[in-house]
Amino acid sequence: MKSTFVFTAIALAFLLPTNASAQIFKVNISDNELCVSEEKTPFVLDKLWDPIILGAGAVTYGGALFKDHFTDSDDVDSCKIYDKDDVNPIDRFFMNDYNKNLHNLGTVTCIVATAGIPAATFLTESACGNFSNQNLFDVAVMYSEAILFTNGIKDWIKIGARRERPYMYYDERDEDGIASNDYRYSFLSGHTANAFMGATFTSYVFCSYYPDSDLKLPVVATSYLFAAGTGALRMASGNHFFTDVLAGAAMGTAVGFAVPYVHHLFAQRNLSNAKDSSKKPQLMFSPYGINVHLNF
């Protein structure tokens, strides 16, 4: 199973210190493009739950890699051509033989969607002094969790499904994929899952930090353009069926939304607790006695 693009985005999130970069760029930022204040931050980390979430993601992904390493190899007759009539009509309509150039191009678009766009988006804001170190760290942790779960879930599904790739139904095949047993991991599309996770995560998080920004549409459109392009190229290159891509897009989108949404709930909980605390009676000592102050 190939997982060549997993942790690139995680490391990129720590490259530029906010203050130093802001001194270099010295950008004047209009009010509608400013990041929300720290008091209204839409996402926060939780000291108890985030280590658990990270650990669960690591176990999910690591367990899948361990399982795949010890999975018995199948003997493949390279001369055998699978019968296209065994494929459902929708997948049969979109299936193709293997194309290495399109395969490589799909990997590039996946890397851009998974690592390039998220890193460029938030590091640029950081470099302009419009995204704090704390925000950058929060996003990096959330994205690490999303990547771990996306790749762990897709690997377990691939191991369980054991579906041959479309190129196995043609004479033109990926011989490297056959040699490495990657030919049997068609469902679901990992490239597509990662690309849509990156697109959804970036779109949701950016729009939450910059609710009035004129850049929301370009960020969302560019993110999903590369994600959709990745799915299309995975089909055109003969690596995946339409249902593989559809399932990968759905799973990646779900994880890309769910992880930051959980941290949004953490932020809402903290805000609610702060409000409740401010309403509690307060004892005030003075030379004139003890006063009880009530907030409403």
# chains A, B, ... in the order shown; residues from 1 in each chain; ligands from 1
call {"tool": "closest_atom_pairs", "arguments": {"of": "region 96-154 of chain A", "to": "region 252-258 of chain A", "cutoff": "8 Å", "atoms": "only C-alpha atoms", "output": "tab-separated table"}}
result
residue	atom	partner	partner_atom	distance
A:Ala146	CA	A:Val255	CA	6.2
A:Phe149	CA	A:Val255	CA	7.3
A:Thr150	CA	A:Gly252	CA	6.3
call {"tool": "select_by_dssp", "arguments": {"residues": "region 62-217 of chain A", "states": "alpha helix (DSSP H)", "output": "CSV table (one decimal) with N, CA, C and O atoms, in the first residue's frame"}}
result
chain,number,residue,atom,x,y,z
A,62,GLY,N,-1.0,3.4,12.4
A,62,GLY,CA,0.1,2.4,12.6
A,62,GLY,C,-0.4,1.0,12.6
A,62,GLY,O,0.3,0.1,12.0
A,63,GLY,N,-1.6,0.7,13.1
A,63,GLY,CA,-2.1,-0.6,13.1
A,63,GLY,C,-2.4,-1.1,11.7
A,63,GLY,O,-2.1,-2.3,11.3
A,64,ALA,N,-2.9,-0.2,10.8
A,64,ALA,CA,-3.1,-0.6,9.4
A,64,ALA,C,-1.8,-0.9,8.7
A,64,ALA,O,-1.7,-1.8,7.9
A,65,LEU,N,-0.8,-0.1,8.9
A,65,LEU,CA,0.5,-0.4,8.3
A,65,LEU,C,1.1,-1.7,8.8
A,65,LEU,O,1.7,-2.5,8.0
A,66,PHE,N,0.9,-2.0,10.1
A,66,PHE,CA,1.4,-3.2,10.6
A,66,PHE,C,0.7,-4.4,10.0
A,66,PHE,O,1.3,-5.4,9.6
A,67,LYS,N,-0.7,-4.3,9.9
A,67,LYS,CA,-1.5,-5.3,9.3
A,67,LYS,C,-1.1,-5.6,7.9
A,67,LYS,O,-1.0,-6.7,7.4
A,68,ASP,N,-0.9,-4.5,7.1
A,68,ASP,CA,-0.6,-4.6,5.7
A,68,ASP,C,0.8,-5.3,5.5
A,68,ASP,O,1.0,-6.1,4.6
A,69,HIS,N,1.7,-5.0,6.4
A,69,HIS,CA,3.1,-5.6,6.3
A,69,HIS,C,3.0,-7.1,6.5
A,69,HIS,O,3.8,-7.8,5.8
A,89,PRO,N,-22.1,-1.3,-14.1
A,89,PRO,CA,-22.2,-0.5,-15.2
A,89,PRO,C,-21.6,0.9,-15.0
A,89,PRO,O,-20.9,1.4,-15.9
A,90,ILE,N,-21.8,1.5,-13.8
A,90,ILE,CA,-21.2,2.9,-13.6
A,90,ILE,C,-19.7,2.8,-13.6
A,90,ILE,O,-19.0,3.6,-14.2
A,91,ASP,N,-19.1,1.9,-12.8
A,91,ASP,CA,-17.7,1.8,-12.8
A,91,ASP,C,-17.1,1.4,-14.1
A,91,ASP,O,-16.0,1.8,-14.5
A,92,ARG,N,-17.8,0.5,-14.8
A,92,ARG,CA,-17.3,0.1,-16.1
A,92,ARG,C,-17.2,1.3,-17.1
A,92,ARG,O,-16.3,1.3,-17.9
A,93,PHE,N,-18.2,2.2,-17.0
A,93,PHE,CA,-18.2,3.3,-17.9
A,93,PHE,C,-17.0,4.2,-17.7
A,93,PHE,O,-16.4,4.8,-18.7
A,94,PHE,N,-16.5,4.4,-16.5
A,94,PHE,CA,-15.4,5.3,-16.2
A,94,PHE,C,-14.0,4.6,-16.1
A,94,PHE,O,-13.0,5.3,-16.0
A,100,LYS,N,0.9,5.9,-16.8
A,100,LYS,CA,1.9,6.3,-15.8
A,100,LYS,C,2.0,7.8,-15.7
A,100,LYS,O,2.1,8.4,-14.6
A,101,ASN,N,1.9,8.6,-16.8
A,101,ASN,CA,2.0,10.0,-16.7
A,101,ASN,C,0.8,10.6,-15.9
A,101,ASN,O,1.0,11.5,-15.1
A,102,LEU,N,-0.4,10.1,-16.2
A,102,LEU,CA,-1.5,10.6,-15.4
A,102,LEU,C,-1.5,10.1,-14.0
A,102,LEU,O,-1.9,10.9,-13.1
A,103,HIS,N,-0.9,9.0,-13.7
A,103,HIS,CA,-0.7,8.5,-12.4
A,103,HIS,C,0.2,9.5,-11.6
A,103,HIS,O,-0.2,9.9,-10.5
A,104,ASN,N,1.3,9.9,-12.2
A,104,ASN,CA,2.2,10.8,-11.5
A,104,ASN,C,1.6,12.2,-11.4
A,104,ASN,O,1.8,12.8,-10.3
A,105,LEU,N,0.8,12.6,-12.4
A,105,LEU,CA,0.2,13.9,-12.3
A,105,LEU,C,-0.9,13.9,-11.2
A,105,LEU,O,-1.0,14.9,-10.4
A,106,GLY,N,-1.6,12.8,-11.0
A,106,GLY,CA,-2.5,12.7,-9.9
A,106,GLY,C,-1.9,12.8,-8.5
A,106,GLY,O,-2.5,13.3,-7.6
A,107,THR,N,-0.7,12.2,-8.4
A,107,THR,CA,0.0,12.3,-7.2
A,107,THR,C,0.5,13.7,-6.9
A,107,THR,O,0.4,14.2,-5.7
A,108,VAL,N,0.9,14.4,-7.9
A,108,VAL,CA,1.2,15.9,-7.7
A,108,VAL,C,0.1,16.7,-7.3
A,108,VAL,O,0.2,17.5,-6.3
A,109,THR,N,-1.1,16.5,-7.9
A,109,THR,CA,-2.3,17.3,-7.5
A,109,THR,C,-2.7,16.9,-6.1
A,109,THR,O,-3.2,17.8,-5.3
A,110,CYS,N,-2.5,15.7,-5.7
A,110,CYS,CA,-2.9,15.3,-4.4
A,110,CYS,C,-1.9,15.9,-3.4
A,110,CYS,O,-2.4,16.4,-2.3
A,111,ILE,N,-0.7,16.0,-3.6
A,111,ILE,CA,0.3,16.7,-2.7
A,111,ILE,C,0.0,18.1,-2.6
A,111,ILE,O,0.0,18.7,-1.5
A,117,ILE,N,-1.6,23.6,-0.6
A,117,ILE,CA,-2.6,24.7,-0.3
A,117,ILE,C,-2.8,25.0,1.2
A,117,ILE,O,-2.7,26.2,1.6
A,118,PRO,N,-2.9,24.0,2.0
A,118,PRO,CA,-3.0,24.3,3.5
A,118,PRO,C,-1.8,25.0,4.0
A,118,PRO,O,-2.0,26.0,4.7
A,119,ALA,N,-0.6,24.6,3.7
A,119,ALA,CA,0.6,25.2,4.2
A,119,ALA,C,0.7,26.6,3.6
A,119,ALA,O,1.0,27.6,4.4
A,120,ALA,N,0.5,26.8,2.3
A,120,ALA,CA,0.6,28.1,1.7
A,120,ALA,C,-0.4,29.1,2.3
A,120,ALA,O,-0.1,30.3,2.6
A,121,THR,N,-1.6,28.6,2.5
A,121,THR,CA,-2.7,29.5,3.1
A,121,THR,C,-2.4,30.0,4.4
A,121,THR,O,-2.4,31.3,4.7
A,122,PHE,N,-2.0,29.1,5.4
A,122,PHE,CA,-1.9,29.6,6.7
A,122,PHE,C,-0.5,30.2,7.0
A,122,PHE,O,-0.3,31.1,7.8
A,123,LEU,N,0.5,29.7,6.3
A,123,LEU,CA,1.9,30.2,6.5
A,123,LEU,C,1.9,31.6,5.9
A,123,LEU,O,2.7,32.5,6.4
A,124,THR,N,1.2,31.9,4.8
A,124,THR,CA,1.2,33.2,4.2
A,124,THR,C,0.5,34.2,5.2
A,124,THR,O,1.1,35.3,5.4
A,125,GLU,N,-0.6,33.8,5.8
A,125,GLU,CA,-1.2,34.7,6.8
A,125,GLU,C,-0.3,34.9,8.0
A,125,GLU,O,-0.2,36.0,8.5
A,126,SER,N,0.4,33.9,8.4
A,126,SER,CA,1.4,34.0,9.5
A,126,SER,C,2.5,34.9,9.1
A,126,SER,O,2.9,35.8,9.9
A,127,ALA,N,3.0,34.8,7.9
A,127,ALA,CA,4.1,35.7,7.5
A,127,ALA,C,3.7,37.1,7.4
A,127,ALA,O,4.6,38.0,7.6
A,133,ASN,N,1.2,32.7,16.4
A,133,ASN,CA,1.9,31.4,16.6
A,133,ASN,C,1.0,30.3,17.3
A,133,ASN,O,1.0,29.1,16.9
A,134,GLN,N,0.1,30.8,18.2
A,134,GLN,CA,-0.8,29.8,18.8
A,134,GLN,C,-1.8,29.3,17.8
A,134,GLN,O,-2.1,28.1,17.8
A,135,ASN,N,-2.4,30.1,17.0
A,135,ASN,CA,-3.3,29.7,15.9
A,135,ASN,C,-2.6,28.7,15.0
A,135,ASN,O,-3.2,27.7,14.6
A,136,LEU,N,-1.4,29.0,14.6
A,136,LEU,CA,-0.6,28.1,13.7
A,136,LEU,C,-0.4,26.8,14.4
A,136,LEU,O,-0.5,25.7,13.7
A,137,PHE,N,0.0,26.8,15.6
A,137,PHE,CA,0.2,25.5,16.4
A,137,PHE,C,-1.1,24.7,16.4
A,137,PHE,O,-1.1,23.5,16.2
A,138,ASP,N,-2.2,25.4,16.7
A,138,ASP,CA,-3.5,24.7,16.8
A,138,ASP,C,-3.9,24.0,15.5
A,138,ASP,O,-4.3,22.9,15.5
A,139,VAL,N,-3.7,24.8,14.4
A,139,VAL,CA,-4.0,24.2,13.1
A,139,VAL,C,-3.1,23.0,12.8
A,139,VAL,O,-3.5,22.0,12.2
A,140,ALA,N,-1.8,23.1,13.1
A,140,ALA,CA,-0.9,22.0,12.8
A,140,ALA,C,-1.3,20.8,13.6
A,140,ALA,O,-1.2,19.7,13.0
A,141,VAL,N,-1.7,20.9,14.8
A,141,VAL,CA,-2.1,19.7,15.6
A,141,VAL,C,-3.4,19.2,15.0
A,141,VAL,O,-3.5,17.9,14.9
A,142,MET,N,-4.3,20.0,14.7
A,142,MET,CA,-5.6,19.5,14.2
A,142,MET,C,-5.3,18.8,12.8
A,142,MET,O,-5.9,17.8,12.6
A,143,TYR,N,-4.5,19.4,12.0
A,143,TYR,CA,-4.2,18.8,10.7
A,143,TYR,C,-3.4,17.5,10.8
A,143,TYR,O,-3.7,16.5,10.1
A,144,SER,N,-2.6,17.4,11.8
A,144,SER,CA,-1.9,16.1,12.1
A,144,SER,C,-2.9,15.0,12.4
A,144,SER,O,-2.8,13.9,12.0
A,145,GLU,N,-3.9,15.4,13.3
A,145,GLU,CA,-4.9,14.4,13.6
A,145,GLU,C,-5.7,14.0,12.4
A,145,GLU,O,-6.0,12.8,12.2
A,146,ALA,N,-6.1,14.9,11.6
A,146,ALA,CA,-6.9,14.6,10.4
A,146,ALA,C,-6.1,13.7,9.4
A,146,ALA,O,-6.7,12.8,8.8
A,147,ILE,N,-4.8,14.0,9.3
A,147,ILE,CA,-4.0,13.2,8.4
A,147,ILE,C,-3.9,11.7,8.9
A,147,ILE,O,-4.0,10.7,8.1
A,148,LEU,N,-3.7,11.6,10.2
A,148,LEU,CA,-3.5,10.3,10.8
A,148,LEU,C,-4.8,9.5,10.6
A,148,LEU,O,-4.8,8.3,10.2
A,149,PHE,N,-6.0,10.1,10.9
A,149,PHE,CA,-7.2,9.4,10.8
A,149,PHE,C,-7.6,9.1,9.3
A,149,PHE,O,-8.1,8.0,9.0
A,150,THR,N,-7.3,10.0,8.4
A,150,THR,CA,-7.6,9.8,7.0
A,150,THR,C,-6.9,8.6,6.5
A,150,THR,O,-7.5,7.7,5.8
A,151,ASN,N,-5.6,8.5,6.7
A,151,ASN,CA,-4.8,7.4,6.2
A,151,ASN,C,-5.0,6.1,7.0
A,151,ASN,O,-4.9,5.1,6.3
A,152,GLY,N,-5.3,6.2,8.2
A,152,GLY,CA,-5.6,5.0,9.0
A,152,GLY,C,-6.9,4.4,8.5
A,152,GLY,O,-7.0,3.2,8.2
A,153,ILE,N,-7.9,5.2,8.4
A,153,ILE,CA,-9.2,4.7,8.0
A,153,ILE,C,-9.2,4.1,6.5
A,153,ILE,O,-9.7,3.0,6.2
A,154,LYS,N,-8.5,4.9,5.6
A,154,LYS,CA,-8.5,4.4,4.2
A,154,LYS,C,-7.7,3.1,4.1
A,154,LYS,O,-8.0,2.2,3.3
A,155,ASP,N,-6.6,3.0,4.9
A,155,ASP,CA,-5.8,1.8,4.8
A,155,ASP,C,-6.6,0.5,5.3
A,155,ASP,O,-6.5,-0.5,4.7
A,156,TRP,N,-7.3,0.7,6.4
A,156,TRP,CA,-8.1,-0.4,6.9
A,156,TRP,C,-9.2,-0.8,5.9
A,156,TRP,O,-9.5,-2.0,5.8
A,157,ILE,N,-9.8,0.2,5.3
A,157,ILE,CA,-10.8,-0.1,4.3
A,157,ILE,C,-10.2,-0.9,3.1
A,157,ILE,O,-10.8,-1.9,2.6
A,158,LYS,N,-9.0,-0.4,2.7
A,158,LYS,CA,-8.4,-1.1,1.6
A,158,LYS,C,-8.1,-2.6,1.9
A,158,LYS,O,-8.2,-3.5,1.1
A,159,ILE,N,-7.6,-2.8,3.1
A,159,ILE,CA,-7.2,-4.1,3.5
A,159,ILE,C,-8.4,-5.0,3.6
A,159,ILE,O,-8.4,-6.2,3.2
A,160,GLY,N,-9.5,-4.5,4.0
A,160,GLY,CA,-10.8,-5.2,4.1
A,160,GLY,C,-11.4,-5.5,2.8
A,160,GLY,O,-12.0,-6.6,2.5
A,161,ALA,N,-11.4,-4.5,1.9
A,161,ALA,CA,-12.1,-4.6,0.6
A,161,ALA,C,-11.4,-5.5,-0.4
A,161,ALA,O,-12.0,-6.3,-1.1
A,175,GLU,N,3.0,-2.5,-13.7
A,175,GLU,CA,3.8,-3.7,-13.2
A,175,GLU,C,4.4,-3.5,-11.8
A,175,GLU,O,4.5,-4.4,-11.1
A,176,ASP,N,4.7,-2.2,-11.5
A,176,ASP,CA,5.2,-2.0,-10.2
A,176,ASP,C,4.2,-2.2,-9.1
A,176,ASP,O,4.4,-2.7,-8.0
A,177,GLY,N,2.9,-1.8,-9.5
A,177,GLY,CA,1.8,-2.0,-8.6
A,177,GLY,C,1.5,-3.5,-8.3
A,177,GLY,O,1.2,-3.9,-7.2
A,178,ILE,N,1.7,-4.3,-9.4
A,178,ILE,CA,1.5,-5.7,-9.3
A,178,ILE,C,2.6,-6.3,-8.4
A,178,ILE,O,2.3,-7.2,-7.6
A,179,ALA,N,3.8,-5.9,-8.7
A,179,ALA,CA,4.9,-6.5,-7.9
A,179,ALA,C,4.9,-6.2,-6.4
A,179,ALA,O,5.3,-7.0,-5.6
A,190,GLY,N,-7.1,6.4,-1.8
A,190,GLY,CA,-6.4,7.2,-0.8
A,190,GLY,C,-6.0,8.6,-1.2
A,190,GLY,O,-6.0,9.5,-0.5
A,191,HIS,N,-5.5,8.7,-2.5
A,191,HIS,CA,-5.2,10.0,-3.0
A,191,HIS,C,-6.4,11.0,-2.9
A,191,HIS,O,-6.3,12.1,-2.4
A,192,THR,N,-7.5,10.5,-3.3
A,192,THR,CA,-8.7,11.3,-3.3
A,192,THR,C,-9.2,11.6,-1.9
A,192,THR,O,-9.6,12.8,-1.6
A,193,ALA,N,-9.1,10.7,-1.0
A,193,ALA,CA,-9.4,10.9,0.4
A,193,ALA,C,-8.6,12.0,1.0
A,193,ALA,O,-9.1,12.9,1.7
A,194,ASN,N,-7.3,11.9,0.8
A,194,ASN,CA,-6.3,12.9,1.4
A,194,ASN,C,-6.6,14.3,0.7
A,194,ASN,O,-6.6,15.3,1.4
A,195,ALA,N,-6.8,14.3,-0.6
A,195,ALA,CA,-7.0,15.6,-1.3
A,195,ALA,C,-8.3,16.3,-0.8
A,195,ALA,O,-8.3,17.5,-0.5
A,196,PHE,N,-9.4,15.5,-0.6
A,196,PHE,CA,-10.6,16.1,-0.1
A,196,PHE,C,-10.6,16.4,1.4
A,196,PHE,O,-11.2,17.4,1.8
A,197,MET,N,-9.8,15.7,2.1
A,197,MET,CA,-9.6,16.0,3.5
A,197,MET,C,-8.9,17.4,3.6
A,197,MET,O,-9.3,18.3,4.4
A,198,GLY,N,-7.8,17.5,2.8
A,198,GLY,CA,-7.1,18.8,2.8
A,198,GLY,C,-8.0,20.0,2.4
A,198,GLY,O,-7.9,21.1,2.9
A,199,ALA,N,-8.8,19.7,1.3
A,199,ALA,CA,-9.6,20.8,0.8
A,199,ALA,C,-10.7,21.2,1.8
A,199,ALA,O,-10.9,22.4,2.0
A,200,THR,N,-11.3,20.2,2.4
A,200,THR,CA,-12.4,20.5,3.4
A,200,THR,C,-11.8,21.2,4.7
A,200,THR,O,-12.4,22.2,5.2
A,201,PHE,N,-10.7,20.6,5.2
A,201,PHE,CA,-10.1,21.2,6.4
A,201,PHE,C,-9.7,22.7,6.1
A,201,PHE,O,-10.0,23.6,6.9
A,202,THR,N,-9.0,22.9,5.0
A,202,THR,CA,-8.5,24.3,4.7
A,202,THR,C,-9.7,25.2,4.5
A,202,THR,O,-9.7,26.3,5.1
A,203,SER,N,-10.7,24.8,3.8
A,203,SER,CA,-11.9,25.7,3.6
A,203,SER,C,-12.6,26.0,4.9
A,203,SER,O,-12.9,27.2,5.1
A,204,TYR,N,-12.9,25.0,5.7
A,204,TYR,CA,-13.6,25.2,6.9
A,204,TYR,C,-12.8,26.1,7.9
A,204,TYR,O,-13.4,27.0,8.5
A,205,VAL,N,-11.6,25.7,8.1
A,205,VAL,CA,-10.8,26.4,9.1
A,205,VAL,C,-10.5,27.9,8.6
A,205,VAL,O,-10.6,28.8,9.4
A,206,PHE,N,-10.2,28.1,7.3
A,206,PHE,CA,-9.9,29.4,6.9
A,206,PHE,C,-11.1,30.3,7.0
A,206,PHE,O,-11.1,31.5,7.4
A,207,CYS,N,-12.3,29.8,6.6
A,207,CYS,CA,-13.5,30.6,6.6
A,207,CYS,C,-13.9,30.9,8.1
A,207,CYS,O,-14.6,31.9,8.3
A,208,SER,N,-13.5,30.0,9.0
A,208,SER,CA,-13.8,30.3,10.4
A,208,SER,C,-12.9,31.3,11.0
A,208,SER,O,-13.4,32.2,11.8
A,209,TYR,N,-11.7,31.3,10.6
A,209,TYR,CA,-10.7,32.3,11.1
A,209,TYR,C,-10.9,33.7,10.4
A,209,TYR,O,-10.6,34.7,11.0
A,216,LYS,N,-12.1,34.0,0.8
A,216,LYS,CA,-12.8,32.8,1.1
A,216,LYS,C,-13.1,32.0,-0.2
A,216,LYS,O,-12.8,30.8,-0.3
A,217,LEU,N,-13.7,32.6,-1.1
A,217,LEU,CA,-14.1,31.9,-2.4
A,217,LEU,C,-12.8,31.4,-3.1
A,217,LEU,O,-12.8,30.2,-3.5
call {"tool": "closest_atom_pairs", "arguments": {"of": "region 164-237 of chain A", "to": "region 26-42 of chain A", "cutoff": "6 Å", "atoms": "only C-alpha atoms", "output": "Markdown table"}}
result
| residue | atom | partner | partner_atom | distance |
| --- | --- | --- | --- | --- |
| A:Tyr209 | CA | A:Cys35 | CA | 5.5 |
| A:Tyr210 | CA | A:Cys35 | CA | 5.3 |
| A:Asp212 | CA | A:Asn32 | CA | 5.2 |
| A:Ser213 | CA | A:Glu33 | CA | 4.8 |
call {"tool": "residues_around", "arguments": {"residues": "Thr243 (chain A)", "least_positions_apart": "2", "cutoff": "10 Å", "atoms": "only C-alpha atoms", "output": "list in words"}}
result
Asn88, Ile90, Asp91, Phe94, Ser186, Phe187, Leu188, Ser189, Met235, His240, Phe241, Val245, Leu246, Ala247, Gly248 and Ala249 of chain A
call {"tool": "closest_residue", "arguments": {"among": "A:Pro166, A:Ala58, A:Gly116, A:Leu45", "to": "Tyr82 (chain A)", "atoms": "only C-alpha atoms"}}
result
A:Pro166
call {"tool": "residues_around", "arguments": {"residues": "region 264-270 of chain A", "least_positions_apart": "6", "cutoff": "7 Å", "atoms": "only C-alpha atoms", "output": "tab-separated table (two decimals) with all heavy atoms, in the first residue's frame"}}
result
chain	number	residue	atom	x	y	z
A	42	PRO	N	-12.10	30.36	16.88
A	42	PRO	CA	-13.10	29.31	16.63
A	42	PRO	C	-12.66	27.91	17.01
A	42	PRO	O	-13.48	27.01	17.10
A	42	PRO	CB	-13.33	29.42	15.12
A	42	PRO	CG	-12.04	29.96	14.59
A	42	PRO	CD	-11.51	30.89	15.65
A	43	PHE	N	-11.36	27.71	17.24
A	43	PHE	CA	-10.84	26.39	17.55
A	43	PHE	C	-9.83	26.47	18.70
A	43	PHE	O	-9.02	27.39	18.74
A	43	PHE	CB	-10.13	25.77	16.33
A	43	PHE	CG	-10.95	25.81	15.08
A	43	PHE	CD1	-10.66	26.74	14.08
A	43	PHE	CD2	-11.99	24.94	14.87
A	43	PHE	CE1	-11.40	26.80	12.92
A	43	PHE	CE2	-12.75	24.98	13.70
A	43	PHE	CZ	-12.45	25.92	12.72
A	44	VAL	N	-9.89	25.52	19.61
A	44	VAL	CA	-8.89	25.43	20.67
A	44	VAL	C	-8.52	23.96	20.87
A	44	VAL	O	-9.30	23.05	20.55
A	44	VAL	CB	-9.40	26.01	22.01
A	44	VAL	CG1	-9.69	27.49	21.89
A	44	VAL	CG2	-10.62	25.25	22.51
A	46	ASP	N	-7.47	20.83	23.46
A	46	ASP	CA	-7.85	20.40	24.81
A	46	ASP	C	-6.73	19.53	25.37
A	46	ASP	O	-6.29	18.57	24.72
A	46	ASP	CB	-9.15	19.60	24.76
A	46	ASP	CG	-9.66	19.24	26.14
A	46	ASP	OD1	-9.26	18.17	26.66
A	46	ASP	OD2	-10.45	20.01	26.71
call {"tool": "atom_distance", "arguments": {"atom1": "CA of Ala221 (chain A)", "atom2": "CA of Asn99 (chain A)"}}
result
27.3 Å
call {"tool": "atom_distance", "arguments": {"atom1": "CA of Asp214 (chain A)", "atom2": "CA of Gly229 (chain A)"}}
result
24.1 Å
